Each structure stands twice: as structure tokens, then as C-alpha cells.
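Data block for target-v1.cif (mmCIF, C-alpha atoms):
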data_entry
#
loop_
_atom_site.group_PDB
_atom_site.id
_atom_site.type_symbol
_atom_site.label_atom_id
_atom_site.label_comp_id
_atom_site.auth_asym_id
_atom_site.auth_seq_id
_atom_site.Cartn_x
_atom_site.Cartn_y
_atom_site.Cartn_z
ATOM 1 C CA MET A 1 28.085 11.695 7.723
ATOM 2 C CA ARG A 2 24.455 10.629 8.152
ATOM 3 C CA VAL A 3 23.481 7.291 9.702
ATOM 4 C CA HIS A 4 20.231 5.482 8.839
ATOM 5 C CA LEU A 5 18.795 2.992 11.322
ATOM 6 C CA VAL A 6 15.925 0.820 10.111
ATOM 7 C CA ASP A 7 13.276 -0.991 12.143
ATOM 8 C CA GLY A 8 13.335 -4.306 10.310
ATOM 9 C CA THR A 9 10.522 -5.760 12.407
ATOM 10 C CA TYR A 10 8.175 -2.934 11.471
ATOM 11 C CA GLU A 11 9.207 -3.193 7.820
ATOM 12 C CA LEU A 12 8.615 -6.945 7.712
ATOM 13 C CA PHE A 13 5.133 -6.596 9.253
ATOM 14 C CA ARG A 14 4.364 -3.722 6.922
ATOM 15 C CA TYR A 15 5.211 -5.594 3.757
ATOM 16 C CA TYR A 16 3.673 -8.859 4.928
ATOM 17 C CA PHE A 17 0.281 -7.201 5.162
ATOM 18 C CA ALA A 18 0.757 -4.910 2.155
ATOM 19 C CA LEU A 19 1.897 -7.424 -0.458
ATOM 20 C CA PRO A 20 -0.132 -10.283 -1.967
ATOM 21 C CA GLY A 21 2.374 -13.009 -1.135
ATOM 22 C CA HIS A 22 4.915 -14.948 -3.161
ATOM 23 C CA LEU A 23 6.241 -18.484 -2.696
ATOM 24 C CA ASP A 24 9.783 -19.540 -3.542
ATOM 25 C CA ASP A 25 10.500 -22.797 -5.375
ATOM 26 C CA ALA A 26 10.276 -24.696 -2.073
ATOM 27 C CA GLY A 27 6.811 -23.295 -1.354
ATOM 28 C CA ILE A 28 8.014 -20.916 1.374
ATOM 29 C CA GLU A 29 6.436 -17.468 1.656
ATOM 30 C CA VAL A 30 9.063 -14.785 0.901
ATOM 31 C CA ASP A 31 7.209 -11.720 -0.381
ATOM 32 C CA ALA A 32 7.702 -9.637 2.787
ATOM 33 C CA VAL A 33 11.443 -10.333 2.600
ATOM 34 C CA ARG A 34 11.423 -9.176 -1.004
ATOM 35 C CA GLY A 35 9.568 -6.016 -0.004
ATOM 36 C CA VAL A 36 11.958 -5.097 2.798
ATOM 37 C CA LEU A 37 14.996 -5.821 0.651
ATOM 38 C CA GLY A 38 13.663 -3.486 -2.018
ATOM 39 C CA SER A 39 12.842 -0.808 0.558
ATOM 40 C CA THR A 40 16.338 -0.988 2.049
ATOM 41 C CA LEU A 41 17.809 -0.742 -1.421
ATOM 42 C CA GLY A 42 15.740 2.409 -1.855
ATOM 43 C CA LEU A 43 17.624 4.003 1.030
ATOM 44 C CA LEU A 44 20.942 3.077 -0.530
ATOM 45 C CA GLU A 45 19.859 4.397 -3.908
ATOM 46 C CA GLU A 46 18.988 7.687 -2.234
ATOM 47 C CA GLY A 47 22.596 7.937 -1.063
ATOM 48 C CA ALA A 48 22.576 6.384 2.413
ATOM 49 C CA THR A 49 26.131 5.362 3.304
ATOM 50 C CA HIS A 50 25.851 3.922 6.821
ATOM 51 C CA VAL A 51 22.866 1.654 7.414
ATOM 52 C CA GLY A 52 21.879 -0.731 10.199
ATOM 53 C CA VAL A 53 18.717 -2.840 10.357
ATOM 54 C CA ALA A 54 17.400 -4.197 13.661
ATOM 55 C CA THR A 55 15.066 -7.191 13.866
ATOM 56 C CA ASP A 56 13.329 -9.159 16.581
ATOM 57 C CA HIS A 57 14.843 -12.551 15.816
ATOM 58 C CA VAL A 58 12.816 -13.743 18.808
ATOM 59 C CA ILE A 59 9.708 -11.726 19.687
ATOM 60 C CA GLU A 60 9.997 -12.451 23.403
ATOM 61 C CA SER A 61 12.644 -10.545 25.390
ATOM 62 C CA PHE A 62 13.819 -9.843 28.933
ATOM 63 C CA ARG A 63 10.701 -7.665 29.353
ATOM 64 C CA ASN A 64 8.531 -10.788 29.435
ATOM 65 C CA ASP A 65 10.210 -11.662 32.725
ATOM 66 C CA LEU A 66 9.266 -8.252 34.124
ATOM 67 C CA TRP A 67 5.612 -8.242 33.067
ATOM 68 C CA PRO A 68 3.709 -11.471 32.259
ATOM 69 C CA GLY A 69 1.363 -9.688 29.862
ATOM 70 C CA TYR A 70 4.152 -8.321 27.693
ATOM 71 C CA LYS A 71 3.913 -9.061 23.969
ATOM 72 C CA THR A 72 4.793 -12.528 22.689
ATOM 73 C CA SER A 73 4.774 -14.299 19.345
ATOM 74 C CA ALA A 74 1.364 -15.799 20.154
ATOM 75 C CA GLY A 75 -1.133 -14.993 17.445
ATOM 76 C CA ILE A 76 1.444 -13.909 14.865
ATOM 77 C CA ASP A 77 1.017 -15.717 11.561
ATOM 78 C CA PRO A 78 3.688 -18.444 11.285
ATOM 79 C CA LEU A 79 4.196 -17.408 7.643
ATOM 80 C CA LEU A 80 5.317 -14.025 8.937
ATOM 81 C CA LEU A 81 7.447 -15.342 11.795
ATOM 82 C CA ALA A 82 9.261 -17.695 9.425
ATOM 83 C CA GLN A 83 10.465 -14.745 7.346
ATOM 84 C CA PHE A 84 12.510 -13.100 10.128
ATOM 85 C CA PRO A 85 15.602 -15.325 9.720
ATOM 86 C CA LEU A 86 15.181 -15.176 5.936
ATOM 87 C CA LEU A 87 15.156 -11.381 6.056
ATOM 88 C CA GLU A 88 18.256 -11.254 8.225
ATOM 89 C CA ASP A 89 20.197 -13.490 5.839
ATOM 90 C CA ALA A 90 18.975 -11.630 2.762
ATOM 91 C CA LEU A 91 20.000 -8.267 4.234
ATOM 92 C CA LEU A 92 23.441 -9.638 5.093
ATOM 93 C CA ALA A 93 23.736 -10.749 1.479
ATOM 94 C CA LEU A 94 22.854 -7.202 0.457
ATOM 95 C CA GLY A 95 25.846 -6.122 2.538
ATOM 96 C CA VAL A 96 23.831 -4.306 5.199
ATOM 97 C CA THR A 97 24.572 -4.481 8.924
ATOM 98 C CA VAL A 98 21.905 -6.504 10.754
ATOM 99 C CA TRP A 99 21.199 -6.642 14.489
ATOM 100 C CA ALA A 100 19.097 -9.759 15.130
ATOM 101 C CA MET A 101 17.931 -9.354 18.715
ATOM 102 C CA VAL A 102 17.107 -12.164 21.140
ATOM 103 C CA ASP A 103 17.297 -11.028 24.785
ATOM 104 C CA LEU A 104 16.814 -7.377 23.891
ATOM 105 C CA GLU A 105 14.430 -6.002 21.260
ATOM 106 C CA ALA A 106 14.963 -4.393 17.887
ATOM 107 C CA ASP A 107 13.989 -1.045 19.409
ATOM 108 C CA ASP A 108 16.799 -1.402 21.949
ATOM 109 C CA ALA A 109 19.311 -1.998 19.160
ATOM 110 C CA LEU A 110 18.097 1.114 17.347
ATOM 111 C CA ALA A 111 18.402 3.156 20.551
ATOM 112 C CA ALA A 112 21.891 1.794 21.203
ATOM 113 C CA ALA A 113 22.987 2.545 17.646
ATOM 114 C CA ALA A 114 21.568 6.064 17.911
ATOM 115 C CA ARG A 115 23.650 6.587 21.060
ATOM 116 C CA VAL A 116 26.778 5.319 19.277
ATOM 117 C CA GLY A 117 26.050 7.670 16.401
ATOM 118 C CA VAL A 118 25.586 10.680 18.684
ATOM 119 C CA ASP A 119 28.843 9.899 20.456
ATOM 120 C CA ASP A 120 30.733 9.939 17.128
ATOM 121 C CA PRO A 121 31.626 13.561 16.270
ATOM 122 C CA ARG A 122 31.751 12.707 12.566
ATOM 123 C CA VAL A 123 28.040 11.926 12.508
ATOM 124 C CA GLU A 124 25.977 14.931 11.558
ATOM 125 C CA GLN A 125 22.640 13.204 12.052
ATOM 126 C CA VAL A 126 21.134 9.835 12.960
ATOM 127 C CA VAL A 127 17.892 9.037 11.136
ATOM 128 C CA ILE A 128 15.774 6.359 12.837
ATOM 129 C CA CYS A 129 13.469 4.948 10.171
ATOM 130 C CA THR A 130 10.296 3.850 11.933
ATOM 131 C CA PRO A 131 6.970 5.365 13.021
ATOM 132 C CA ASP A 132 7.123 3.411 16.307
ATOM 133 C CA LYS A 133 6.247 5.756 19.173
ATOM 134 C CA ASP A 134 8.783 4.080 21.479
ATOM 135 C CA LEU A 135 11.656 5.431 19.365
ATOM 136 C CA ALA A 136 10.457 9.018 19.846
ATOM 137 C CA GLN A 137 12.345 8.969 23.156
ATOM 138 C CA CYS A 138 15.618 8.879 21.197
ATOM 139 C CA VAL A 139 15.007 12.117 19.288
ATOM 140 C CA VAL A 140 17.554 14.824 20.150
ATOM 141 C CA ASP A 141 17.815 18.084 18.223
ATOM 142 C CA PRO A 142 19.588 18.318 15.868
ATOM 143 C CA ARG A 143 21.487 15.025 16.008
ATOM 144 C CA VAL A 144 18.715 12.391 16.082
ATOM 145 C CA VAL A 145 15.463 12.469 14.135
ATOM 146 C CA GLN A 146 12.757 9.908 13.529
ATOM 147 C CA LEU A 147 11.507 9.265 10.004
ATOM 148 C CA ASP A 148 8.223 7.710 8.953
ATOM 149 C CA ARG A 149 9.275 6.686 5.458
ATOM 150 C CA ARG A 150 5.777 5.600 4.412
ATOM 151 C CA GLN A 151 4.265 9.007 5.177
ATOM 152 C CA ARG A 152 7.506 10.854 4.410
ATOM 153 C CA LYS A 153 7.294 12.667 7.730
ATOM 154 C CA ARG A 154 10.316 13.579 9.814
ATOM 155 C CA PHE A 155 10.087 14.087 13.578
ATOM 156 C CA ASP A 156 12.391 16.414 15.456
ATOM 157 C CA GLU A 157 11.762 17.431 19.077
ATOM 158 C CA THR A 158 9.113 19.971 18.076
ATOM 159 C CA ALA A 159 7.241 17.387 16.000
ATOM 160 C CA VAL A 160 7.364 14.882 18.874
ATOM 161 C CA ARG A 161 5.845 17.469 21.203
ATOM 162 C CA GLU A 162 3.165 18.277 18.654
ATOM 163 C CA LYS A 163 2.268 14.592 18.272
ATOM 164 C CA PHE A 164 2.392 13.433 21.896
ATOM 165 C CA GLY A 165 2.253 16.652 23.902
ATOM 166 C CA VAL A 166 5.498 15.866 25.734
ATOM 167 C CA SER A 167 9.225 16.079 25.064
ATOM 168 C CA PRO A 168 11.122 13.011 23.838
ATOM 169 C CA ALA A 169 12.626 12.497 27.303
ATOM 170 C CA SER A 170 9.110 12.081 28.750
ATOM 171 C CA ILE A 171 7.891 9.473 26.253
ATOM 172 C CA PRO A 172 8.519 6.503 28.625
ATOM 173 C CA ASP A 173 6.627 8.324 31.403
ATOM 174 C CA TRP A 174 3.774 9.091 28.999
ATOM 175 C CA LEU A 175 3.570 5.451 27.939
ATOM 176 C CA ALA A 176 3.584 4.375 31.576
ATOM 177 C CA LEU A 177 0.396 6.402 32.115
ATOM 178 C CA VAL A 178 -1.456 5.758 28.857
ATOM 179 C CA GLY A 179 -0.289 2.168 28.304
ATOM 180 C CA ASP A 180 0.838 0.479 25.134
ATOM 181 C CA ASN A 181 -1.504 -2.105 23.630
ATOM 182 C CA ALA A 182 1.098 -3.171 21.082
ATOM 183 C CA ASP A 183 3.561 -4.057 23.844
ATOM 184 C CA GLY A 184 0.960 -5.506 26.169
ATOM 185 C CA PHE A 185 0.786 -3.258 29.221
ATOM 186 C CA PRO A 186 -2.312 -1.251 30.198
ATOM 187 C CA ARG A 187 -2.918 2.393 30.998
ATOM 188 C CA LEU A 188 -3.525 3.547 34.541
ATOM 189 C CA PRO A 189 -7.282 3.861 35.201
ATOM 190 C CA GLY A 190 -8.587 7.315 34.345
ATOM 191 C CA TRP A 191 -5.421 8.462 32.642
ATOM 192 C CA GLY A 192 -5.606 9.313 28.952
ATOM 193 C CA ALA A 193 -3.328 10.803 26.333
ATOM 194 C CA LYS A 194 -4.448 14.382 27.003
ATOM 195 C CA SER A 195 -4.253 14.266 30.801
ATOM 196 C CA ALA A 196 -0.879 12.493 30.701
ATOM 197 C CA ALA A 197 0.476 15.033 28.221
ATOM 198 C CA SER A 198 -0.760 17.999 30.271
ATOM 199 C CA VAL A 199 0.766 16.722 33.503
ATOM 200 C CA LEU A 200 4.065 15.573 32.021
ATOM 201 C CA ALA A 201 4.464 18.729 29.942
ATOM 202 C CA ARG A 202 4.577 20.526 33.291
ATOM 203 C CA TYR A 203 6.408 18.009 35.492
ATOM 204 C CA GLY A 204 8.457 15.954 33.046
ATOM 205 C CA HIS A 205 8.684 12.640 34.883
ATOM 206 C CA LEU A 206 6.518 10.481 37.127
ATOM 207 C CA GLU A 207 8.502 11.118 40.300
ATOM 208 C CA GLU A 208 8.188 14.869 39.823
ATOM 209 C CA ILE A 209 4.381 14.823 39.803
ATOM 210 C CA PRO A 210 3.078 16.082 43.199
ATOM 211 C CA ALA A 211 1.205 13.420 45.131
ATOM 212 C CA ASP A 212 -1.587 15.879 45.937
ATOM 213 C CA GLY A 213 -3.502 16.704 42.764
ATOM 214 C CA GLY A 214 -4.869 19.795 44.468
ATOM 215 C CA THR A 215 -1.400 21.338 44.349
ATOM 216 C CA TRP A 216 -0.892 20.828 40.626
ATOM 217 C CA ASN A 217 -0.343 24.254 39.115
ATOM 218 C CA ILE A 218 -2.013 23.207 35.864
ATOM 219 C CA THR A 219 -5.651 22.709 34.957
ATOM 220 C CA VAL A 220 -6.424 19.032 34.469
ATOM 221 C CA ARG A 221 -9.897 17.583 34.787
ATOM 222 C CA GLY A 222 -10.163 15.193 37.725
ATOM 223 C CA ALA A 223 -6.685 16.020 39.044
ATOM 224 C CA PRO A 224 -7.293 14.699 42.592
ATOM 225 C CA LYS A 225 -8.548 11.362 41.274
ATOM 226 C CA LEU A 226 -5.701 11.066 38.792
ATOM 227 C CA ALA A 227 -3.185 11.786 41.539
ATOM 228 C CA ALA A 228 -4.800 9.194 43.802
ATOM 229 C CA THR A 229 -4.702 6.593 41.021
ATOM 230 C CA LEU A 230 -1.031 7.317 40.355
ATOM 231 C CA ALA A 231 -0.240 6.954 44.053
ATOM 232 C CA GLU A 232 -2.130 3.653 44.306
ATOM 233 C CA ALA A 233 -0.582 2.264 41.144
ATOM 234 C CA HIS A 234 2.867 3.794 41.650
ATOM 235 C CA LYS A 235 4.659 0.449 41.517
ATOM 236 C CA ASP A 236 2.957 -0.515 38.257
ATOM 237 C CA ALA A 237 3.603 2.911 36.748
ATOM 238 C CA MET A 238 7.308 2.669 37.473
ATOM 239 C CA LEU A 239 7.395 -0.852 36.035
ATOM 240 C CA PHE A 240 5.570 0.253 32.890
ATOM 241 C CA ARG A 241 8.036 3.107 32.455
ATOM 242 C CA ASP A 242 10.878 0.623 32.771
ATOM 243 C CA LEU A 243 9.268 -1.537 30.089
ATOM 244 C CA ALA A 244 8.954 1.489 27.808
ATOM 245 C CA THR A 245 12.511 2.709 28.400
ATOM 246 C CA LEU A 246 14.820 1.547 25.628
ATOM 247 C CA ARG A 247 18.174 0.072 26.564
ATOM 248 C CA VAL A 248 21.241 1.586 24.951
ATOM 249 C CA ASP A 249 23.788 -1.130 25.720
ATOM 250 C CA ALA A 250 22.979 -3.520 22.871
ATOM 251 C CA PRO A 251 26.133 -4.715 21.048
ATOM 252 C CA VAL A 252 25.824 -2.802 17.771
ATOM 253 C CA GLY A 253 29.467 -2.086 16.989
ATOM 254 C CA ARG A 254 30.873 1.177 15.689
ATOM 255 C CA VAL A 255 29.678 3.619 13.055
ATOM 256 C CA ASP A 256 32.407 2.496 10.653
ATOM 257 C CA ASP A 257 31.000 -1.040 10.839
ATOM 258 C CA TRP A 258 27.754 0.169 9.276
ATOM 259 C CA ARG A 259 29.198 1.559 6.041
ATOM 260 C CA TRP A 260 27.647 -0.094 3.013
ATOM 261 C CA ARG A 261 30.260 -1.275 0.550
ATOM 262 C CA GLY A 262 28.032 -3.139 -1.860
ATOM 263 C CA PRO A 263 26.376 -6.554 -1.990
ATOM 264 C CA ALA A 264 27.978 -9.868 -1.137
ATOM 265 C CA PRO A 265 28.160 -12.632 -3.772
ATOM 266 C CA GLU A 266 25.312 -14.422 -1.949
ATOM 267 C CA LEU A 267 22.850 -11.763 -3.044
ATOM 268 C CA GLU A 268 22.544 -13.362 -6.487
ATOM 269 C CA ARG A 269 21.344 -16.592 -4.892
ATOM 270 C CA TRP A 270 18.877 -14.673 -2.767
ATOM 271 C CA THR A 271 17.439 -12.650 -5.610
ATOM 272 C CA ASP A 272 17.020 -15.890 -7.574
ATOM 273 C CA ARG A 273 15.128 -17.378 -4.639
ATOM 274 C CA LEU A 274 12.991 -14.265 -4.306
ATOM 275 C CA ASP A 275 12.346 -14.234 -8.057
ATOM 276 C CA ALA A 276 13.563 -10.647 -8.075
ATOM 277 C CA PRO A 277 16.587 -10.295 -10.385
ATOM 278 C CA GLU A 278 15.930 -6.555 -10.556
ATOM 279 C CA LEU A 279 17.050 -6.246 -6.921
ATOM 280 C CA LEU A 280 20.478 -7.629 -7.814
ATOM 281 C CA ALA A 281 20.773 -5.172 -10.690
ATOM 282 C CA ARG A 282 19.729 -2.294 -8.452
ATOM 283 C CA ALA A 283 22.242 -3.301 -5.764
ATOM 284 C CA ARG A 284 25.095 -3.481 -8.236
ATOM 285 C CA THR A 285 24.183 -0.108 -9.694
ATOM 286 C CA ALA A 286 23.929 1.473 -6.248
ATOM 287 C CA ALA A 287 27.363 0.106 -5.373
ATOM 288 C CA GLU A 288 29.066 1.702 -8.342
ATOM 289 C CA GLY A 289 31.396 4.448 -7.211
ATOM 290 C CA ARG A 290 31.086 3.549 -3.524
ATOM 291 C CA GLU A 291 34.106 3.429 -1.246
ATOM 292 C CA PRO A 292 35.469 -0.158 -1.357
#

Translate the structure of the given file into C-alpha cells.
Amino acid sequence: MRVHLVDGTYELFRYYFALPGHLDDAGIEVDAVRGVLGSTLGLLEEGATHVGVATDHVIESFRNDLWPGYKTSAGIDPLLLAQFPLLEDALLALGVTVWAMVDLEADDALAAAARVGVDDPRVEQVVICTPDKDLAQCVVDPRVVQLDRRQRKRFDETAVREKFGVSPASIPDWLALVGDNADGFPRLPGWGAKSAASVLARYGHLEEIPADGGTWNITVRGAPKLAATLAEAHKDAMLFRDLATLRVDAPVGRVDDWRWRGPAPELERWTDRLDAPELLARARTAAEGREP
């Protein structure tokens, strides 16, 4: 059994900016929804049997209470924001499991589902479909891989190390040092991707880094200054790591809940609204021969 977990937020943003736009009969923009629905159908047509899609029903989360600069919905085009609930309903009509997150984030739901999948001995592999660097922390050979579907690139632990210079387990520590502009927290002064990778490749986690840069048994330019900065900003660094650490307790159900058994009757209404009758035909064809 292989489980596919899809970052619906990423997919919706992707198609919103990639497609020209399309209004339904009520004048509501729906083209990104149509794009994601077609993309999800592509997974099913390729043989995916267990699929879950996570979305940020509300952009803000508990992390906004931890760090005032954390990402919000401010500045996001209302035409894009309005498509989140539409996407969730359309995917449910397709018959796909949807995790619409409010207090937690879509990434947390994906991490929680990956944990559920790993804990199920029937699951050979969990495929997390997103290029989001935060999800790299979930990669575990050989059970969990990350897939960038647009570039058709799969990331196992070796690929994560090649990309970031650290193991998956150190990704939150790496983000704590280099910052994450997309999520709204800054890097520590002086720290960059290369210095953070070099130090964490040796020490693994923030608390294992010696306070005295002169004792580091690796060659890193400006080690004493970097160590001093980390000591001065230790509280912030630990907070940033907490922000970057995905929660695995989101209520995502069991693996059996994610089996796709074909579209619901409501899909016909949705494909009419999206002016995409071909999606209904594709869904029905993909469902033929599936376990009821």
C-alpha cells in the first residue's frame, strides 16, 4: 500500500498564478479549484489508492500567538482566499479525504498523516506531494519520501541532505538559523545556509552546538562570531525552531479512511459549476474497477 498526501494550499497557490482565470455563472473565480481538482485526479489516474489533501482553511494558526510576525492572510488576493472553501468542497465531491486546518496548518496535517502511515505496517511508503522545505523534516528512508510533482523530483534522505546540507531531522534547526521568509521569521544575524548546514551536519541540533566557536571541530568562517550570535539569540532560535517543527497530533483519522472509492454524486454539480465536464468523465473512468 502506498499513501499520497497532497499539500492543497501549495496546489491552490500554484494553479491560481499559473492559470488565466475562469468565472463561474455567479461571477466567482474558480480556475485554481479546477486546476487542483484536475491535478488530484491525475494522481488517481496514475493508480493512487489512498489520498489525503490538507488545506489552510484559515491562514493564521496557533503559531501567530507564538511569534507576532508569523505569516497571515494579509496581502493574499481575496480571489485566491475565496477559493479555499470551494476547493475543499470540490475535493470532497471527488471523494477525496480533506483536512481543512484552522488552529494547526496544512503542513501539520501532512506530518500527522505521514506519522499515521508509518505506524501502519501495511503501508509500504508515504509520498508527501509538495516542494515545501518544511515537509523535508518528515522524510524517513524508506518509508516517507517527498515528491515535487511539478519538477517530477523525489526526495529521500540523501536528496534532502544534498539540497539542504543537513539530515531531515535537522531541518527545523536549520530553519531556525537561516529563517523562513515565507513563514515570517528571520534568520539569525550572520548565519546563512552554508554555515548553518556545516554546523548542523556536525552537531545535529541547536543544543548540541558548543557555545565556544573556538572549540568547533569543523571549519566554518567566522565561527566565534556565529557562536556568540547564537548564544545572544538563543531564546529566539529555540522559538524559531518550535515554529518550524511540524505537529503530528492533527486529527487525520486512519489510513483506511483515505481510500478513494470514487466520486460522490455532488461532483457532477461541481464540474458543471467549473465548466469542466471532462473532470467528471475522468473521475468516473478512474473509479472503474476500484474497490467499492

Proximity check segment 79-193 of chain A to segment 13-34 of chain A, 8 Å, nearest pairs one decimal Å, only C-alpha atoms, as a tab-separated table:
residue	atom	partner	partner_atom	distance
A:Leu79	CA	A:Glu29	CA	6.4
A:Leu80	CA	A:Tyr16	CA	6.7
A:Gln83	CA	A:Val33	CA	6.6
A:Leu86	CA	A:Val33	CA	7.0
A:Leu87	CA	A:Val33	CA	5.2
A:Ala90	CA	A:Val33	CA	7.6

Counting only C-alpha atoms, I want the residues whose atoms come within 9 Å of (19.5, 16.8, 13.6) in the file frame, returned as a ChimeraX atom specification.
/A:124-127,139-145,156

Mind checking which residues fall within 12 Å of segment 70-78 of chain A, counting all atoms listed in the file, ignoring those fewer than 5 positions away in the same chain, and posting them as a VMD selection string?
chain A and resid 13 16 to 17 28 to 29 56 to 65 83 to 84 105 179 to 186 239 to 240 243 to 244

Fewer than 3 positions away in the same chain doesn't count, so skip those; otherwise give me all residues within 7 Å of segment 252-255 of chain A, counting all atoms listed in the file, as a PyMOL selection string.
chain A and resi 99+109+112-113+116-117+258

Got a sec to resolve the PyMOL selection byres ((chain A and resi 246) around 12) on this structure and send the residues as a PyMOL selection string?
chain A and resi 62-63+104-115+133-138+169+171-172+240-245+247-250

Can you work out which one of A:Thr40, A:Leu94, A:Leu230, A:Val51 has the shortest atom-to-atom distance to Leu267 of chain A, counting all atoms listed in the file?
A:Leu94

Applying the PyMOL selection byres ((chain A and resi 204-207) around 9) to the file I just gave you, which residues come out? Please list them as a ChimeraX atom specification.
/A:166-167,169-170,172-174,176-177,199-203,208-210,230,234,237-238,241

Rounded to one decimal place, report the atom CA of Leu37 of chain A-atom CA of Thr271 of chain A distance in Å.
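Separation between atom CA of Leu37 of chain A and atom CA of Thr271 of chain A: 9.6 Å.
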
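Here atom CA of Glu278 of chain A and atom CA of Glu46 of chain A stand 16.8 Å from one another.
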
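You will find atom CA of Ala159 of chain A at 20.8 Å from atom CA of Tyr10 of chain A.
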
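For the file shown, the residue list from the PyMOL selection byres ((chain A and resi 279) around 10) reads A:Arg34, A:Leu37, A:Gly38, A:Leu41, A:Leu94, A:Leu267, A:Glu268, A:Trp270, A:Thr271, A:Asp272, A:Leu274, A:Asp275, A:Ala276, A:Pro277, A:Glu278, A:Leu280, A:Ala281, A:Arg282, A:Ala283, A:Arg284, A:Thr285.
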